[in-house]
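K.L.:
Below you'll find the structure I mean.
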Amino acid sequence: MINLLNIDMTMVDWARAQFALTAIYHWLFVPLTLGLAVVMGIMETQYYRTGSEFWKQTAKFWQRLFGINFAMGIATGIILEFEFGTNWSNYSYLVGDIFGAPLAVEGIVAFFMESTFVAVMFFGWNKVSKGFHLASTWLTGLGATISAWWILVANSWMQHPVGQAFNPETVRNEMTSFAEVALSPVAVDKFIHTVLSAWVLGAVFVVGVSSWYLLKKRHTEFATKSRHLGAVFGLISSALIMLSGHHSAYTVAQTQPMKLAAMEALYKGGTDQPLTIIAGINPFQQPDYEATDEPPLKLAVPYALSFLATNDINGYVPGIRDILDGYTKPDGTVEPSLDEKIQRGQQAITALQEYRKAKKDGASEEIINCQLSIINSDMPYFGYGYVKDRAQVVPYIPVCFYAFRVMVGGGCLFILLFLIMLWKPKAWAYWAAILCIPIAYIVSEAGWLVAEFGRQPWTIQDMLPTWVGVSELGSSAVMITFLLFLILFTTLLAVEISIMLRTINRGPDFRD
Amino acid sequence: MNTIHRIWNFYYDGFRSMTLGRTLWAVILVKLFIIFVVLKLFFFPDYLKEHAGKGNEAEFVSQKLAP
């Protein structure tokens with residue numbers, strides 16, 4: 001049997017790469033569905049209110065693009081669940097009880113809701129009443145959003161595992177409170193921030209496509225009104241996302257301080273911390289956070305990081321070295337050092353084995369209870385028992401640092417775009433709007449890079465490192481499926497872009 | 001019966017009058033076939049089911065977690 005501490009890291013890397021590839025491609029389809037759902041809902045509401053054929057055809061056009069994207073995205077997420085069972089079997093078994101619940105709810109409730117109302121939305125024109133059709137359009141969007149909620153609940157639980165207890169009998173983390181899992185602060189923040197980001201992407205898409213018509217001087221009334229609506233929707237979403245972004249940063253600071261420190265390349269923390277705008281970090285190499293206090297060429301906004309992380313401009317923000325060495329929080333509680341966490345994690349792992357052996361051998365209650373008490377007290381540090389050195393618990397800083405700046409910078413760029421689109425845009429602005437469509441996808445994916453790279457090395461924060469959650473498969477098997485996915489998803493994406501471009505080129509049909 | 005008939009007709013007419021939808025359904029069906037038949041059956045076995053056997057999962061995973 002392969003010892004987990006010496007497991008072939010190539011297998012872990014391939015399994016991670018495959019999961020990342022699948023998630024990245026899946027996320028190419030999801031945000032446009034969520035964003036366009038609102039846009040087409042607003043347009044159909046205009047039709048419902050005015051009875052104007054113009055708004056009906058406008059809504060139908062954007063619904064057609066929604067339908068293409070929806071069809072292409074169907075079931076791409078299910079592959080992630082296959083990967084859990086094959087590549088991440090230890091993880092799946094340990095936390096399947098908790099992780100499976102939101103996914104099951106998503107499958108049953110949201111999927112059926114979505115698929116029922118999608119049919120009415122596409123087949124129901126002139127067959128059901130205007131009101132029922134409008135309700136179906138909005139409920140399609142609501143279904144997709146609820147679907148996203150449950151997936152994000154599952155993801156958030158991996159970032160902040162709450163509402164659970166470890167059962168040494170079954171060797172599983174079992175859910176103790178569904179409400180705590182579903183409504184954890186991380187889940188609420190992640191849901192709001194992610195859905196708002198999808199709305200911004202949808203708005204950029206609408207503005208970009210409308211700009212293309214305006215450049216071509218085709219369907220100008222349709223394009224002007226769509227551009228205007230998209231820009232207003234985008235601005236409102238952007239304003240809300242700034243608020244949710246601040247709250248997300250606050251929550252990350254409380255629950256995953258290492259992620260925040262990596263995002264900020266904050267090697268040595270303290271009070272009155274500035275927020276880095278940019279710094280000279282080599283993208284291809286982990287910086288030497290042990291020997292230097294801050295990255296070179298740092299340009300920063302004074303006090304802003306403290307405010308972002310603590311809601312207080314003088315607040316204390318721990319850096320990477322503080323987290324590794326242990327620090328005292330402002331409320332007086334002490335965060336243990338990595339060495340102590342490793343020691344306690346090792347105690348929990350050993351106690352689990354001793355507990356199971358004692359039960360099997362029929363040992364006395366006293367011995368069993370003694371091991372149980374060690375498990376219970378040291379379980380929060382279980383994952384640290386597999387950590388060998390300090391470098392293992394520090395995420396790859398360059399990706400976290402730059403992806404965060406791409407996300408925030410992109411968000412600011414889109415605000416500027418929406419403002420220009422509401423002002424008097426010229427041809428160059430229309431070209432810029434078209435260029436912003438692919439940029440919006442890059443920015444959206446960058447947000448996920450921050451969230452997921454920042455959690456490393458954990459599959460479940462503090463509980464399960466990636467190299468323990470993985471199955472003992474040969475790396476070649478995972479490599480083959482990685483390449484298969486790459487071909488499958490790239491083909492799907494090419495098909496989607498091709499159908500989408502043809503539909504856009506045809507444009508709305510106002511003769512109908 | 002009347003309601004069921006109306007629902008049937010709703011879907012029947014909807015599917016018959018599809019234009020772009022036909023292409024999309026073709027893509028969906030090919031994709032579902034690849035995902036559930038090719039990938040699931042040949043490339044994504046249930047690792048624990050194959051290696052631990054039913055009822056032995058706890059012991060199997062516990063051994064994997066051993067230091």
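Residue numbering restarts at 1 for every chain of the structure tokens, chains are lettered A, B, ... in their displayed order, and ligands are numbered from 1 as they appear.
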Could you write out as a list in words the residues of chain A within 6 Å of chain B, counting only C-alpha atoms?

P.N.:
Gly85, Thr86, Phe123, Thr170 and Val171 of chain A

K.L.:
I need the residues from that last selection saved to file as a compact mmCIF listing (two decimals), in the first residue's frame (with C-alpha atoms), if you can.

P.N.:
```txt
# COMPACT_ATOMS: atom_id res chain seq x y z
CA GLY A 85 -15.95 9.10 -6.95
CA THR A 86 -12.92 8.07 -8.99
CA PHE A 123 -42.58 26.44 -26.29
CA THR A 170 -17.94 5.28 10.32
CA VAL A 171 -14.79 7.36 9.63
```

K.L.:
Quick one: pick out all strand (DSSP E) residues within range 228-416 of chain A from a backbone DSSP run and write them as a ChimeraX atom specification.

P.N.:
/A:275-278,299-301,327-328,334-335

K.L.:
How would the residues just picked look written out with N, CA and C atoms as an mmCIF file, in the first residue's frame?

P.N.:
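Full text of selection_14.cif as output:
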```cif
data_model
loop_
_atom_site.group_PDB
_atom_site.id
_atom_site.type_symbol
_atom_site.label_atom_id
_atom_site.label_comp_id
_atom_site.auth_asym_id
_atom_site.auth_seq_id
_atom_site.Cartn_x
_atom_site.Cartn_y
_atom_site.Cartn_z
ATOM 1 N N LEU A 275 -3.385 48.174 1.460
ATOM 2 C CA LEU A 275 -3.826 47.231 0.432
ATOM 3 C C LEU A 275 -2.932 47.405 -0.789
ATOM 4 N N THR A 276 -2.310 46.298 -1.203
ATOM 5 C CA THR A 276 -1.381 46.373 -2.330
ATOM 6 C C THR A 276 -2.148 46.539 -3.641
ATOM 7 N N ILE A 277 -1.764 47.549 -4.417
ATOM 8 C CA ILE A 277 -2.354 47.701 -5.757
ATOM 9 C C ILE A 277 -1.582 46.801 -6.710
ATOM 10 N N ILE A 278 -0.273 46.909 -6.666
ATOM 11 C CA ILE A 278 0.566 46.056 -7.505
ATOM 12 C C ILE A 278 1.934 45.927 -6.851
ATOM 13 N N LEU A 299 3.208 48.996 -4.457
ATOM 14 C CA LEU A 299 2.426 50.230 -4.495
ATOM 15 C C LEU A 299 1.118 49.932 -3.764
ATOM 16 N N ALA A 300 0.816 50.724 -2.717
ATOM 17 C CA ALA A 300 -0.305 50.321 -1.858
ATOM 18 C C ALA A 300 -1.148 51.508 -1.410
ATOM 19 N N VAL A 301 -2.387 51.198 -1.034
ATOM 20 C CA VAL A 301 -3.293 52.220 -0.480
ATOM 21 C C VAL A 301 -3.242 52.100 1.044
ATOM 22 N N TYR A 327 -0.208 33.455 16.330
ATOM 23 C CA TYR A 327 -0.378 34.869 16.681
ATOM 24 C C TYR A 327 -1.580 35.037 17.602
ATOM 25 N N THR A 328 -1.624 36.203 18.236
ATOM 26 C CA THR A 328 -2.751 36.502 19.124
ATOM 27 C C THR A 328 -3.726 37.404 18.381
ATOM 28 N N VAL A 334 -5.629 32.912 21.023
ATOM 29 C CA VAL A 334 -4.340 32.615 20.385
ATOM 30 C C VAL A 334 -4.539 31.593 19.272
ATOM 31 N N GLU A 335 -4.045 31.954 18.097
ATOM 32 C CA GLU A 335 -4.052 31.003 16.975
ATOM 33 C C GLU A 335 -2.774 30.188 17.078
#
```

K.L.:
Can you pull out every residue within 10 Å of Met121 in chain A, counting only C-alpha atoms, but drop anything in the same chain fewer than 2 positions away, and send it as a list in words?

P.N.:
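So, after excluding close chain neighbours, the residues are Lys60, Gln63, Gly67, Ser115, Thr116, Phe117, Val118, Ala119, Phe123, Gly124, Trp125, Val128, Phe132, His133, Leu134, Ala135, Ser136, Thr137, Trp138, Leu139 and Thr140 of chain A.
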
K.L.:
Only N, CA, C and O atoms, please: the residues just picked out, written as a short mmCIF file (atom, residue, chain, number, x, y, z; two decimals), in the first residue's frame.

P.N.:
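That gives us selection24.cif:
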```
data_model
loop_
_atom_site.label_atom_id
_atom_site.label_comp_id
_atom_site.auth_asym_id
_atom_site.auth_seq_id
_atom_site.Cartn_x
_atom_site.Cartn_y
_atom_site.Cartn_z
N LYS A 60 -37.21 37.60 -26.98
CA LYS A 60 -37.04 36.30 -27.64
C LYS A 60 -35.61 36.11 -28.15
O LYS A 60 -35.06 35.02 -28.09
N GLN A 63 -33.43 35.36 -25.25
CA GLN A 63 -33.78 34.01 -24.77
C GLN A 63 -33.14 32.94 -25.66
O GLN A 63 -32.75 31.88 -25.18
N GLY A 67 -30.76 30.11 -24.43
CA GLY A 67 -31.03 28.69 -24.70
C GLY A 67 -29.81 27.97 -25.23
O GLY A 67 -29.52 26.84 -24.82
N SER A 115 -35.93 22.96 -15.52
CA SER A 115 -36.26 22.31 -16.79
C SER A 115 -37.74 22.45 -17.13
O SER A 115 -38.10 22.54 -18.30
N THR A 116 -38.61 22.49 -16.11
CA THR A 116 -40.04 22.65 -16.38
C THR A 116 -40.31 24.02 -17.00
O THR A 116 -40.98 24.13 -18.02
N PHE A 117 -39.77 25.05 -16.38
CA PHE A 117 -40.09 26.40 -16.84
C PHE A 117 -39.34 26.79 -18.11
O PHE A 117 -39.81 27.64 -18.86
N VAL A 118 -38.19 26.14 -18.35
CA VAL A 118 -37.50 26.38 -19.61
C VAL A 118 -38.40 25.96 -20.78
O VAL A 118 -38.51 26.66 -21.78
N ALA A 119 -39.07 24.81 -20.61
CA ALA A 119 -39.97 24.33 -21.68
C ALA A 119 -41.09 25.33 -21.93
O ALA A 119 -41.41 25.65 -23.08
N PHE A 123 -41.46 26.97 -25.50
CA PHE A 123 -42.58 26.44 -26.29
C PHE A 123 -43.87 27.24 -26.08
O PHE A 123 -44.84 27.05 -26.81
N GLY A 124 -43.89 28.07 -25.05
CA GLY A 124 -45.17 28.63 -24.60
C GLY A 124 -45.62 29.93 -25.23
O GLY A 124 -46.73 30.40 -24.94
N TRP A 125 -44.77 30.55 -26.10
CA TRP A 125 -45.19 31.80 -26.73
C TRP A 125 -46.49 31.56 -27.50
O TRP A 125 -46.62 30.63 -28.27
N VAL A 128 -49.54 29.96 -23.87
CA VAL A 128 -49.97 30.23 -22.49
C VAL A 128 -50.17 31.75 -22.38
O VAL A 128 -49.74 32.50 -23.25
N PHE A 132 -48.40 34.07 -17.43
CA PHE A 132 -47.82 32.76 -17.10
C PHE A 132 -46.45 32.61 -17.78
O PHE A 132 -45.51 32.08 -17.20
N HIS A 133 -46.38 33.12 -19.02
CA HIS A 133 -45.10 33.02 -19.73
C HIS A 133 -44.02 33.85 -19.03
O HIS A 133 -42.89 33.40 -18.84
N LEU A 134 -44.42 35.06 -18.62
CA LEU A 134 -43.47 35.93 -17.92
C LEU A 134 -42.99 35.26 -16.62
O LEU A 134 -41.79 35.26 -16.32
N ALA A 135 -43.97 34.68 -15.90
CA ALA A 135 -43.60 34.00 -14.65
C ALA A 135 -42.63 32.86 -14.95
O ALA A 135 -41.66 32.65 -14.20
N SER A 136 -42.86 32.13 -16.03
CA SER A 136 -41.98 31.01 -16.37
C SER A 136 -40.57 31.49 -16.70
O SER A 136 -39.58 30.84 -16.34
N THR A 137 -40.49 32.63 -17.38
CA THR A 137 -39.17 33.17 -17.72
C THR A 137 -38.40 33.52 -16.44
O THR A 137 -37.24 33.15 -16.27
N TRP A 138 -39.07 34.23 -15.54
CA TRP A 138 -38.41 34.59 -14.28
C TRP A 138 -38.09 33.35 -13.45
O TRP A 138 -37.03 33.27 -12.82
N LEU A 139 -39.01 32.37 -13.47
CA LEU A 139 -38.76 31.16 -12.67
C LEU A 139 -37.63 30.31 -13.25
O LEU A 139 -36.94 29.60 -12.53
N THR A 140 -37.44 30.40 -14.57
CA THR A 140 -36.28 29.71 -15.17
C THR A 140 -34.99 30.29 -14.58
O THR A 140 -34.09 29.56 -14.17
#
```

K.L.:
Taking 6 positions as the minimum chain separation for residues in the same chain, which residues sit within 7 Å of range 158-161 of chain A when counting only C-alpha atoms? Answer as a list in words.

P.N.:
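Counting only C-alpha atoms, the residues come to Val186, Thr255, Arg455, Thr459, Ile460 and Gln461 of chain A.
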
K.L.:
Interatomic distance between CA of Val162 in chain A and CA of Glu174 in chain A?

P.N.:
10.4 Å

K.L.:
If DSSP is run on the backbone, what residues of chain B are helix (DSSP H, G or I)? A reply as JSON, numbers by chain would be ideal.

P.N.:
{"B": [2, 3, 4, 5, 6, 7, 8, 9, 10, 11, 12, 13, 14, 15, 16, 20, 21, 22, 23, 24, 25, 26, 27, 28, 29, 30, 31, 32, 33, 34, 35, 36, 37, 38, 39, 40, 41, 42, 43, 47, 48, 49, 50, 51, 57, 58, 59, 60, 61, 62, 63, 64]}

K.L.:
For a test of reading the model, state the distance in Å between CA of Val120 in chain A and CA of Met72 in chain A, rounded to one decimal.

P.N.:
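Going from CA of Val120 in chain A over to CA of Met72 in chain A, I get 19.1 Å.
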
K.L.:
I'd like the interatomic distance between CA of Met407 in chain A and CA of Val443 in chain A, to a tenth of an Å.

P.N.:
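The value is 4.9 Å.
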
K.L.:
When you count only C-alpha atoms, which of these residues is closest to Ala203 in chain A: A:Thr491, A:Gln347, A:Thr176, A:Thr33?

P.N.:
A:Thr33

K.L.:
So which one's closest to Phe401 in chain A, A:Gln286, A:Asn314, A:Asn376, A:Ser475? Using only C-alpha atoms, please.

P.N.:
A:Gln286

K.L.:
Looking at A:Ala265, A:Trp467, A:Thr58, A:Pro287, which one is nearest to Glu221 in chain A, with distances taken over only C-alpha atoms?

P.N.:
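Using only C-alpha atoms, Glu221 in chain A sits closest to A:Thr58.
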
K.L.:
Please provide as a list in words all residues within 8 Å of Trp199 in chain A, with the sequence filter that same-chain residues fewer than 2 positions apart are discarded (counting only C-alpha atoms).

P.N.:
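Close residues of Trp199 in chain A: Pro31, Leu32, Leu34, Gly35, Leu36, Val38, Val195, Leu196, Ser197, Leu201, Gly202, Ala203, Phe233, Gly234 and Ser237 of chain A.
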
K.L.:
What would the file look like if the residues just selected were written as an mmCIF file, in the first residue's frame with N, CA and C atoms?

P.N.:
```cif
data_model
loop_
_atom_site.group_PDB
_atom_site.id
_atom_site.type_symbol
_atom_site.label_atom_id
_atom_site.label_comp_id
_atom_site.auth_asym_id
_atom_site.auth_seq_id
_atom_site.Cartn_x
_atom_site.Cartn_y
_atom_site.Cartn_z
ATOM 1 N N PRO A 31 -22.136 31.423 -15.795
ATOM 2 C CA PRO A 31 -22.432 32.825 -15.494
ATOM 3 C C PRO A 31 -23.305 33.507 -16.535
ATOM 4 N N LEU A 32 -23.153 33.125 -17.795
ATOM 5 C CA LEU A 32 -23.986 33.766 -18.821
ATOM 6 C C LEU A 32 -25.449 33.353 -18.635
ATOM 7 N N LEU A 34 -26.896 32.729 -15.785
ATOM 8 C CA LEU A 34 -27.429 33.509 -14.658
ATOM 9 C C LEU A 34 -27.627 34.972 -15.046
ATOM 10 N N GLY A 35 -26.690 35.502 -15.805
ATOM 11 C CA GLY A 35 -26.773 36.917 -16.186
ATOM 12 C C GLY A 35 -27.873 37.185 -17.198
ATOM 13 N N LEU A 36 -27.914 36.361 -18.245
ATOM 14 C CA LEU A 36 -28.936 36.578 -19.280
ATOM 15 C C LEU A 36 -30.340 36.325 -18.741
ATOM 16 N N VAL A 38 -31.668 37.308 -16.034
ATOM 17 C CA VAL A 38 -32.230 38.565 -15.527
ATOM 18 C C VAL A 38 -32.543 39.511 -16.684
ATOM 19 N N VAL A 195 -23.168 35.249 -7.853
ATOM 20 C CA VAL A 195 -24.322 35.560 -8.700
ATOM 21 C C VAL A 195 -24.193 36.981 -9.251
ATOM 22 N N LEU A 196 -23.739 37.906 -8.413
ATOM 23 C CA LEU A 196 -23.552 39.279 -8.901
ATOM 24 C C LEU A 196 -22.495 39.336 -10.001
ATOM 25 N N SER A 197 -21.442 38.531 -9.828
ATOM 26 C CA SER A 197 -20.394 38.515 -10.867
ATOM 27 C C SER A 197 -20.966 37.971 -12.178
ATOM 28 N N LEU A 201 -21.178 39.776 -15.835
ATOM 29 C CA LEU A 201 -20.761 39.138 -17.087
ATOM 30 C C LEU A 201 -21.901 39.168 -18.113
ATOM 31 N N GLY A 202 -23.121 38.880 -17.641
ATOM 32 C CA GLY A 202 -24.276 38.927 -18.546
ATOM 33 C C GLY A 202 -24.462 40.322 -19.127
ATOM 34 N N ALA A 203 -24.266 41.340 -18.284
ATOM 35 C CA ALA A 203 -24.422 42.729 -18.740
ATOM 36 C C ALA A 203 -23.352 43.076 -19.774
ATOM 37 N N PHE A 233 -28.116 47.690 -15.930
ATOM 38 C CA PHE A 233 -28.070 46.443 -15.154
ATOM 39 C C PHE A 233 -26.641 46.166 -14.670
ATOM 40 N N GLY A 234 -25.677 46.393 -15.554
ATOM 41 C CA GLY A 234 -24.284 46.158 -15.194
ATOM 42 C C GLY A 234 -23.793 47.097 -14.106
ATOM 43 N N SER A 237 -25.338 46.048 -10.790
ATOM 44 C CA SER A 237 -24.671 44.818 -10.318
ATOM 45 C C SER A 237 -23.266 45.130 -9.815
#
```

K.L.:
Tyr250 in chain A: which residues within 12 Å, counting only C-alpha atoms, same-chain residues fewer than 5 positions away excluded, as a PyMOL selection string?

P.N.:
chain A and resi 185-186+189-190+243-245+255-257+259-260+304-312+315+317

K.L.:
Give me the residues near Leu413 in chain A as a PyMOL selection string, where near means some atom within 12 Å (using only C-alpha atoms) and where sequence neighbours in that chain fewer than 6 positions away do not count.

P.N.:
chain A and resi 200+204+234-235+238+405-407+419-420+432-433+435-437+439-440+443
